[in-house]
Each structure stands twice: as structure tokens, then as C-alpha cells.
file work_23.cif (mmCIF, C-alpha atoms and all ligand atoms)
data_run
loop_
_atom_site.label_atom_id
_atom_site.label_comp_id
_atom_site.auth_asym_id
_atom_site.auth_seq_id
_atom_site.Cartn_x
_atom_site.Cartn_y
_atom_site.Cartn_z
CA MET A 1 -26.40 -11.68 24.70
CA SER A 2 -28.14 -8.67 26.26
CA ASN A 3 -31.64 -8.80 27.66
CA LYS A 4 -32.24 -5.17 26.72
CA THR A 5 -34.72 -4.34 23.96
CA ILE A 6 -33.25 -2.10 21.27
CA ILE A 7 -35.68 -0.11 19.14
CA ALA A 8 -34.42 1.63 15.99
CA HIS A 9 -36.05 5.04 16.44
CA ARG A 10 -37.54 6.12 13.08
CA GLY A 11 -35.04 3.58 11.64
CA ALA A 12 -31.30 4.22 11.69
CA SER A 13 -32.26 7.90 11.74
CA GLY A 14 -28.84 9.04 12.95
CA TYR A 15 -27.47 8.16 9.51
CA LEU A 16 -30.19 8.55 6.84
CA PRO A 17 -33.37 10.67 6.60
CA GLU A 18 -35.87 9.34 9.16
CA HIS A 19 -38.66 6.94 8.16
CA THR A 20 -37.36 6.32 4.62
CA VAL A 21 -37.01 2.81 3.22
CA ALA A 22 -33.22 3.25 3.07
CA CYS A 23 -33.17 4.27 6.73
CA LYS A 24 -35.25 1.24 7.71
CA ALA A 25 -33.12 -1.17 5.65
CA MET A 26 -29.97 0.20 7.28
CA ALA A 27 -31.58 -0.19 10.71
CA TYR A 28 -32.56 -3.76 9.87
CA ALA A 29 -28.96 -4.63 9.00
CA MET A 30 -27.91 -3.54 12.50
CA HIS A 31 -30.25 -6.20 13.97
CA PRO A 32 -32.18 -4.27 16.59
CA ASP A 33 -35.12 -6.03 18.26
CA PHE A 34 -37.70 -3.66 16.77
CA ILE A 35 -37.91 -0.93 14.13
CA GLU A 36 -40.23 2.00 14.91
CA GLN A 37 -42.99 3.45 12.69
CA ASP A 38 -44.75 6.75 13.51
CA VAL A 39 -48.08 6.67 11.68
CA VAL A 40 -50.31 9.45 10.26
CA LEU A 41 -53.24 9.06 7.82
CA SER A 42 -53.36 10.42 4.28
CA LYS A 43 -56.46 12.04 2.75
CA ASP A 44 -57.47 8.64 1.34
CA LYS A 45 -57.03 7.01 4.78
CA ILE A 46 -53.75 5.21 4.07
CA PRO A 47 -51.49 4.93 7.16
CA ILE A 48 -48.25 6.74 6.21
CA VAL A 49 -44.95 6.29 8.08
CA ILE A 50 -44.00 9.83 9.09
CA HIS A 51 -43.34 11.51 12.42
CA ASP A 52 -45.29 14.77 12.10
CA ILE A 53 -48.88 15.45 11.10
CA HIS A 54 -47.17 18.15 8.98
CA LEU A 55 -45.05 17.62 5.86
CA ASP A 56 -42.87 20.73 5.84
CA THR A 57 -40.13 19.66 8.27
CA THR A 58 -39.06 16.57 6.29
CA THR A 59 -40.25 17.00 2.67
CA ASN A 60 -40.18 19.43 -0.27
CA VAL A 61 -43.98 19.90 -0.14
CA SER A 62 -43.83 23.70 -0.41
CA THR A 63 -41.90 23.47 -3.68
CA LEU A 64 -44.36 21.10 -5.33
CA TYR A 65 -47.67 22.12 -3.74
CA GLY A 66 -47.19 25.76 -2.72
CA ASP A 67 -50.92 26.54 -2.73
CA ARG A 68 -51.93 23.63 -0.47
CA ARG A 69 -50.91 25.13 2.85
CA ARG A 70 -53.56 25.74 5.51
CA GLU A 71 -54.27 29.11 7.12
CA ASP A 72 -51.63 28.42 9.76
CA GLY A 73 -49.03 28.21 6.97
CA ARG A 74 -48.45 24.47 7.43
CA TYR A 75 -48.91 21.53 5.04
CA TYR A 76 -50.75 18.53 6.51
CA VAL A 77 -50.28 14.88 5.55
CA ILE A 78 -54.06 14.43 5.83
CA ASP A 79 -54.67 16.96 3.01
CA PHE A 80 -52.78 14.84 0.46
CA THR A 81 -53.61 11.49 -1.17
CA PHE A 82 -51.11 8.64 -1.01
CA GLU A 83 -50.42 9.15 -4.72
CA GLU A 84 -49.59 12.82 -4.09
CA LEU A 85 -47.46 12.00 -1.06
CA LYS A 86 -45.43 9.62 -3.22
CA THR A 87 -44.34 12.57 -5.40
CA LEU A 88 -42.59 14.31 -2.48
CA LYS A 89 -38.87 14.19 -1.76
CA VAL A 90 -37.92 13.43 1.84
CA HIS A 91 -34.89 15.07 3.43
CA GLU A 92 -33.23 15.31 6.83
CA ARG A 93 -35.40 17.04 9.42
CA ILE A 94 -35.12 20.83 9.30
CA ASP A 95 -36.02 23.57 11.74
CA ILE A 96 -39.04 25.18 10.11
CA SER A 97 -38.10 28.74 11.09
CA SER A 98 -34.43 28.66 9.99
CA GLY A 99 -34.65 26.04 7.23
CA LYS A 100 -31.46 24.50 8.63
CA ALA A 101 -30.89 20.85 9.50
CA VAL A 102 -31.77 20.02 13.12
CA TYR A 103 -28.71 17.75 13.25
CA PRO A 104 -26.15 19.39 10.94
CA ASN A 105 -23.71 16.46 11.04
CA ARG A 106 -26.24 13.96 9.77
CA PHE A 107 -27.00 13.05 6.12
CA PRO A 108 -26.64 16.17 3.92
CA LEU A 109 -29.72 18.10 2.81
CA GLY A 110 -30.63 17.92 -0.87
CA LYS A 111 -28.62 14.78 -1.66
CA LEU A 112 -30.28 11.77 -3.27
CA ARG A 113 -34.00 11.11 -3.71
CA PHE A 114 -35.86 9.60 -0.75
CA GLY A 115 -39.65 9.19 -0.52
CA LEU A 116 -42.57 8.51 1.80
CA HIS A 117 -44.15 5.07 2.13
CA SER A 118 -47.12 3.43 3.81
CA LEU A 119 -47.23 1.31 6.96
CA ALA A 120 -48.16 -1.71 4.81
CA GLU A 121 -45.08 -1.15 2.61
CA GLU A 122 -42.82 -0.91 5.66
CA ILE A 123 -44.22 -4.12 7.10
CA GLU A 124 -43.59 -5.80 3.75
CA LEU A 125 -39.97 -4.62 3.92
CA ILE A 126 -39.43 -5.93 7.45
CA GLN A 127 -41.32 -9.19 6.96
CA GLY A 128 -39.54 -9.67 3.61
CA LEU A 129 -36.14 -9.20 5.27
CA ASN A 130 -37.17 -11.55 8.08
CA LYS A 131 -37.81 -14.18 5.41
CA SER A 132 -34.67 -13.52 3.36
CA THR A 133 -32.22 -13.17 6.27
CA GLY A 134 -33.70 -15.54 8.84
CA TYR A 135 -33.74 -12.86 11.54
CA ASN A 136 -36.99 -12.01 13.31
CA ILE A 137 -37.21 -8.28 13.85
CA GLY A 138 -40.40 -6.71 15.13
CA ILE A 139 -42.38 -3.58 14.37
CA TYR A 140 -43.20 -0.84 16.90
CA PRO A 141 -45.90 1.45 15.41
CA GLU A 142 -46.95 4.68 17.13
CA ILE A 143 -50.43 6.06 16.50
CA LYS A 144 -49.91 9.81 16.10
CA ASP A 145 -52.44 12.29 17.44
CA PRO A 146 -55.71 10.31 17.40
CA GLN A 147 -57.69 13.40 18.47
CA PHE A 148 -56.42 15.39 15.46
CA HIS A 149 -57.49 12.53 13.18
CA ARG A 150 -60.90 12.33 14.88
CA ASN A 151 -61.40 16.07 14.33
CA GLU A 152 -60.68 15.39 10.65
CA GLY A 153 -63.32 12.63 10.62
CA MET A 154 -60.91 9.68 10.67
CA ASP A 155 -60.42 6.83 13.15
CA ILE A 156 -56.69 6.20 12.87
CA SER A 157 -56.58 3.44 15.49
CA LEU A 158 -59.25 1.37 13.76
CA ILE A 159 -57.46 1.71 10.42
CA VAL A 160 -53.99 0.90 11.81
CA LEU A 161 -55.30 -2.15 13.70
CA GLY A 162 -56.85 -3.37 10.43
CA ILE A 163 -53.46 -3.21 8.67
CA LEU A 164 -51.70 -4.92 11.56
CA ARG A 165 -54.28 -7.71 11.54
CA GLU A 166 -53.90 -8.11 7.79
CA TYR A 167 -50.15 -8.72 8.28
CA GLY A 168 -50.62 -11.20 11.11
CA TYR A 169 -50.07 -9.02 14.18
CA THR A 170 -52.92 -9.83 16.55
CA SER A 171 -51.60 -11.08 19.90
CA LYS A 172 -48.95 -10.44 22.54
CA LYS A 173 -46.76 -13.20 21.15
CA ASP A 174 -46.48 -11.39 17.80
CA LEU A 175 -43.51 -9.08 17.36
CA CYS A 176 -45.53 -5.87 17.37
CA LEU A 177 -45.69 -3.34 20.20
CA LEU A 178 -48.27 -0.59 19.69
CA GLN A 179 -47.54 2.81 21.30
CA CYS A 180 -49.39 6.08 21.77
CA PHE A 181 -49.12 9.23 23.93
CA ASP A 182 -52.92 9.40 24.29
CA GLY A 183 -53.91 7.25 27.30
CA LEU A 184 -57.64 7.48 26.62
CA GLU A 185 -57.05 6.18 23.10
CA LEU A 186 -54.92 3.27 24.37
CA GLN A 187 -57.71 2.42 26.80
CA ARG A 188 -60.18 2.47 23.90
CA ILE A 189 -57.83 0.32 21.79
CA ARG A 190 -57.72 -2.29 24.55
CA THR A 191 -61.41 -2.26 25.57
CA GLU A 192 -63.64 -1.02 22.74
CA LEU A 193 -61.41 -2.15 19.82
CA LYS A 194 -60.48 -5.36 21.69
CA CYS A 195 -56.82 -5.22 20.69
CA GLU A 196 -54.72 -8.02 22.22
CA LEU A 197 -51.30 -6.70 21.15
CA CYS A 198 -48.74 -5.47 23.68
CA LEU A 199 -49.57 -1.80 24.29
CA VAL A 200 -47.13 0.89 25.41
CA GLN A 201 -48.09 4.16 27.11
CA LEU A 202 -45.75 6.97 26.04
CA MET A 203 -45.05 9.57 28.72
CA GLU A 204 -43.42 12.98 28.55
CA LEU A 205 -44.48 14.82 31.71
CA GLU A 206 -43.59 14.26 35.36
CA SER A 207 -47.25 14.79 36.24
CA GLU A 208 -48.14 11.56 34.37
CA ILE A 209 -46.10 9.39 36.74
CA LYS A 210 -48.86 9.26 39.36
CA SER A 211 -51.09 7.64 36.72
CA ILE A 212 -48.86 4.57 36.31
CA PRO A 213 -51.13 2.35 38.47
CA HIS A 214 -54.02 3.38 36.19
CA PHE A 215 -52.00 2.77 32.98
CA ALA A 216 -51.33 -0.77 34.25
CA ASN A 217 -55.02 -1.57 33.73
CA TYR A 218 -54.65 -1.49 29.96
CA VAL A 219 -50.98 -1.41 28.87
CA ASP A 220 -48.03 -3.78 29.16
CA GLY A 221 -45.25 -1.22 29.17
CA LEU A 222 -44.26 2.42 29.50
CA GLY A 223 -42.33 4.59 27.08
CA PRO A 224 -41.05 7.54 29.12
CA TRP A 225 -38.93 10.45 27.94
CA LEU A 226 -35.36 9.89 29.23
CA GLY A 227 -35.54 12.96 31.49
CA LEU A 228 -38.30 11.36 33.58
CA LEU A 229 -35.82 8.76 34.82
CA ASN A 230 -33.92 11.51 36.68
CA VAL A 231 -36.76 13.08 38.55
CA SER A 232 -38.99 10.31 39.74
CA ASN A 233 -39.70 6.89 41.14
CA LEU A 234 -40.90 5.79 37.71
CA MET A 235 -38.83 2.60 37.61
CA GLU A 236 -40.04 1.45 41.03
CA LEU A 237 -43.69 2.10 40.16
CA ALA A 238 -43.30 0.34 36.80
CA LYS A 239 -41.80 -2.74 38.49
CA GLU A 240 -44.48 -2.74 41.17
CA HIS A 241 -47.13 -2.82 38.43
CA HIS A 242 -45.29 -5.36 36.21
CA LEU A 243 -44.77 -2.90 33.35
CA PHE A 244 -41.65 -2.93 31.18
CA VAL A 245 -39.92 0.42 30.48
CA HIS A 246 -38.65 1.44 27.02
CA ALA A 247 -37.22 4.97 27.32
CA TYR A 248 -36.85 7.46 24.44
CA THR A 249 -34.65 8.73 22.79
CA LEU A 250 -30.93 7.95 22.97
CA ARG A 251 -29.03 10.11 20.48
CA ALA A 252 -25.26 10.27 20.23
CA GLU A 253 -25.58 14.02 19.57
CA GLU A 254 -27.48 14.64 22.83
CA LEU A 255 -25.31 13.70 25.77
CA ASN A 256 -27.57 15.23 28.45
CA ASN A 257 -24.63 16.22 30.68
CA ALA A 258 -22.88 12.85 30.26
CA LEU A 259 -19.18 12.96 29.34
CA SER A 260 -19.54 10.47 26.50
CA PHE A 261 -22.25 8.42 24.79
CA ASP A 262 -20.95 5.35 26.61
CA ASP A 263 -21.47 7.17 29.93
CA LEU A 264 -25.02 8.05 28.95
CA LEU A 265 -25.69 4.45 27.85
CA TYR A 266 -24.29 3.18 31.13
CA LYS A 267 -26.54 5.50 33.13
CA ILE A 268 -29.77 4.69 31.29
CA LEU A 269 -29.30 1.00 30.53
CA ILE A 270 -27.35 -0.19 33.57
CA LYS A 271 -27.79 2.30 36.42
CA ASP A 272 -31.40 3.31 35.79
CA GLY A 273 -32.03 -0.24 34.59
CA VAL A 274 -34.58 0.36 31.83
CA ASP A 275 -35.72 -2.70 29.87
CA GLY A 276 -35.13 -1.10 26.50
CA VAL A 277 -34.43 2.10 24.59
CA PHE A 278 -35.44 3.90 21.44
CA THR A 279 -32.27 5.07 19.73
CA ASP A 280 -31.27 6.89 16.52
CA GLN A 281 -27.98 4.93 16.55
CA PRO A 282 -28.87 1.26 17.17
CA ASP A 283 -25.36 0.14 16.12
CA LEU A 284 -23.70 2.16 18.91
CA VAL A 285 -26.10 0.86 21.56
CA LEU A 286 -25.68 -2.76 20.43
CA ASN A 287 -21.91 -2.31 20.35
CA PHE A 288 -22.02 -0.96 23.93
CA LEU A 289 -24.12 -3.89 25.13
CA ASN A 290 -21.66 -6.34 23.55
CA ARG A 291 -18.82 -4.74 25.52
CA VAL A 292 -20.56 -4.40 28.89
CA PRO A 293 -21.05 -7.65 30.77
O1 LIG A 301 -42.27 6.72 20.35
C1 LIG A 301 -41.16 6.90 21.16
C2 LIG A 301 -40.62 8.22 20.79
O2 LIG A 301 -40.45 8.14 19.40
C3 LIG A 301 -41.61 9.28 21.14
O3 LIG A 301 -41.24 10.47 20.64
O4 LIG A 301 -41.69 12.32 19.18
O5 LIG A 301 -39.93 10.70 18.56
O6 LIG A 301 -42.32 10.06 18.39
P1 LIG A 301 -41.31 10.89 19.12
CA CA A 302 -42.38 7.73 18.00
#
call {"tool": "encode", "arguments": {"input": "work_23.cif", "output": "C-alpha cells"}}
result
Amino acid sequence: MSNKTIIAHRGASGYLPEHTVACKAMAYAMHPDFIEQDVVLSKDKIPIVIHDIHLDTTTNVSTLYGDRRREDGRYYVIDFTFEELKTLKVHERIDISSGKAVYPNRFPLGKLRFGLHSLAEEIELIQGLNKSTGYNIGIYPEIKDPQFHRNEGMDISLIVLGILREYGYTSKKDLCLLQCFDGLELQRIRTELKCELCLVQLMELESEIKSIPHFANYVDGLGPWLGLLNVSNLMELAKEHHLFVHAYTLRAEELNNALSFDDLLYKILIKDGVDGVFTDQPDLVLNFLNRVP
């Protein structure tokens, strides 16, 4: 049994369109420790599970609502009600300029009907499966772009914390880790909003590493981009400040100079010694951990 934490990144997103119910159910069946939810608000303030604040990279919004784009040419989740969002078809992520799939060998574009769902619906799926299977898999929500939401007159953190509370996630012993890139917002979540959940500071820049001692005042763990493990003393600083490290994102299609996915897994999980990883292919990571003593 491995002591590494495996997080299904956007679900089993290496195999089915990210953040769909099918993708989450498939992830669940692989038995990771946590399943991730990126969260953005709809016009009627419903937390929706979707990665971007935009809709055009993963849905057919332009076909159904051609006149609802903003001046920048993009379609925003926050401009649509939950009822409207439910009418959209979700597909594999595309590159907005070429219209082609970002990962061409993943689930084909245009096949089958997938949809969007709310954070509450996803929690019901995971808690329902916990009941029916006897496993105990956690949730790992990420609050997306709190400043954007504030500019639109919405307090996403307050709303998300309300949903989490409603479903019984209130303390560090509950299987819910709450993540955000915005350090000021995490600080507010801990102090002003008095959240007692485990909090995770996401990091993408080398310049953020010097702030680790400060992050330790209000979070329990760090979620660095994989590349930061190569260029810094991040792991030492994290240990010194008693913070766990969950690195993102392990993808079988992105070997980052490794010869094979196993080599990459060995480097990140064993050599660098992270405590956990976000991965699009939880089955491959779990399989690796079962083979490596
Ligand atoms: O939340 C961890 C990782 O998912 C951060 O990157 O862009 O995939 O949300 P992103
Ligand atoms: Ca995320």
C-alpha cells in the first residue's frame, strides 16, 4: 500500500472529456484518493465544475448561443444560467485558434453527448458511490479566479464554502482539500471566512517559492507545477514548514524529457519525493505504485 496521495485531475481526463460525470465515474472506479473539481460560478451563482471561466474550449456554446459572446470574442460561464449551461454539449478540450483537440489521441471529438454539472451534483455522485461501494474517496475543489468573480459582483469562495458545509465538509478530518492559486484569497478563506478545511496553495512560478514560509501561516499543503521541482529547494522548504506537496500534472502524453512514463513517475514520486500528484491517468500511477516497493 503506497503512502502517496493520488488525485484524479479533472477526473480520469486522459480517457473521457474532462469534468463530465462519465469522466468522474471512471476515475472513481480506479480508486484514487481524491477526485478534483475546478469550480466557476454561473450567472445564477451556482458553482459549476469546469476548468475555464470560458466555455468555448470544451463545449458547443458558439453553435447554440452564437450571439452571447463578449467583446473579446469569448463565451463566459458567468453569463449563462445553470439551466442554459445544462443545454450545452461538452467535448474534449480544443485549441481555440485551430479548433483541433489538444490531445488528439484522447476521446474523439463529436462522439456521444456529455454535459456540464454543478459542484453539488458531483459531490452527490462521489458521496453516493462512497455509500454504494464502501470506498471513501475525497473531493479536491479548486476555486477558480476569485478576483474575476469579484469583478463580476460574486463571492465565489463564500458560495463554495456554503456548498461544502451543506455536504458535511467542514474540518481537516473530512476528505476535502480546498485549493486556489490566489494566496490572498486562501488567507481570507482561512481568517475572514474561518474555514477549517485543509487548504492547498497552488504555485506556478519560481518566484513564489520564497513565499513558502508565509504560505505556511494559512495553508496545510502546496500544489506546485511539476517544473518547479527541478529548479528549486521547494521540497526542503515545504518539509521545514510541515507542508505536504501535491504536484500537478502528470500526463502520460507529456514525458518532460523522461524516456517513459514510468521514468517520469519514478522521478517525481520517488526521487523528488512528493507526497502526492494530480494526474490525468490515475490508473497508470496506481499501477506504478503497486509495482514499485
Ligand atoms: O489544481 C491543480 C492543477 O489542476 C492546477 O492546474 O490549470 O489544471 O487547474 P489546472
Ligand atoms: Ca485544478
call {"tool": "residues_near_ligand", "arguments": {"input": "work_23.cif", "ligand": "ligand CA 302 (chain A)", "cutoff": "12 Å", "atoms": "only C-alpha atoms and all ligand atoms", "output": "count of residues only"}}
result
46
call {"tool": "residues_around", "arguments": {"input": "work_23.cif", "residues": "Arg106 of chain A", "least_positions_apart": "3", "cutoff": "12 Å", "atoms": "only C-alpha atoms", "output": "NGL selection string"}}
result
:A and (12-18 or 91-94 or 100-103 or 109 or 111 or 251-253 or 280-281)
call {"tool": "axis_aligned_box", "arguments": {"input": "work_23.cif", "around": "ligand LIG 301 (chain A)", "padding_each_side": "3 Å", "output": "JSON"}}
result
{"center_x": -41.1, "center_y": 9.5, "center_z": 19.8, "size_x": 8.4, "size_y": 11.6, "size_z": 8.8}
call {"tool": "residues_near_point", "arguments": {"input": "work_23.cif", "point": "(-29.9, 12.5, 33.6)", "cutoff": "7 Å", "atoms": "all atoms listed in the file", "output": "mmCIF file with C-alpha atoms, keeping the file's coordinate frame"}}
result
data_model
loop_
_atom_site.group_PDB
_atom_site.id
_atom_site.type_symbol
_atom_site.label_atom_id
_atom_site.label_comp_id
_atom_site.auth_asym_id
_atom_site.auth_seq_id
_atom_site.Cartn_x
_atom_site.Cartn_y
_atom_site.Cartn_z
ATOM 1 C CA GLY A 227 -35.540 12.960 31.490
ATOM 2 C CA ASN A 230 -33.920 11.510 36.680
ATOM 3 C CA ASN A 256 -27.570 15.230 28.450
#
call {"tool": "residues_around", "arguments": {"input": "work_23.cif", "residues": "segment 59-72 of chain A", "least_positions_apart": "6", "cutoff": "10 Å", "atoms": "all atoms listed in the file", "output": "PyMOL selection string"}}
result
chain A and resi 79-80+84-85+87-94+110+114-116
call {"tool": "closest_residue", "arguments": {"input": "work_23.cif", "among": "A:Thr58, A:Thr133, A:Thr5, A:Ser98", "to": "Tyr28 of chain A", "atoms": "all atoms listed in the file"}}
result
A:Thr133
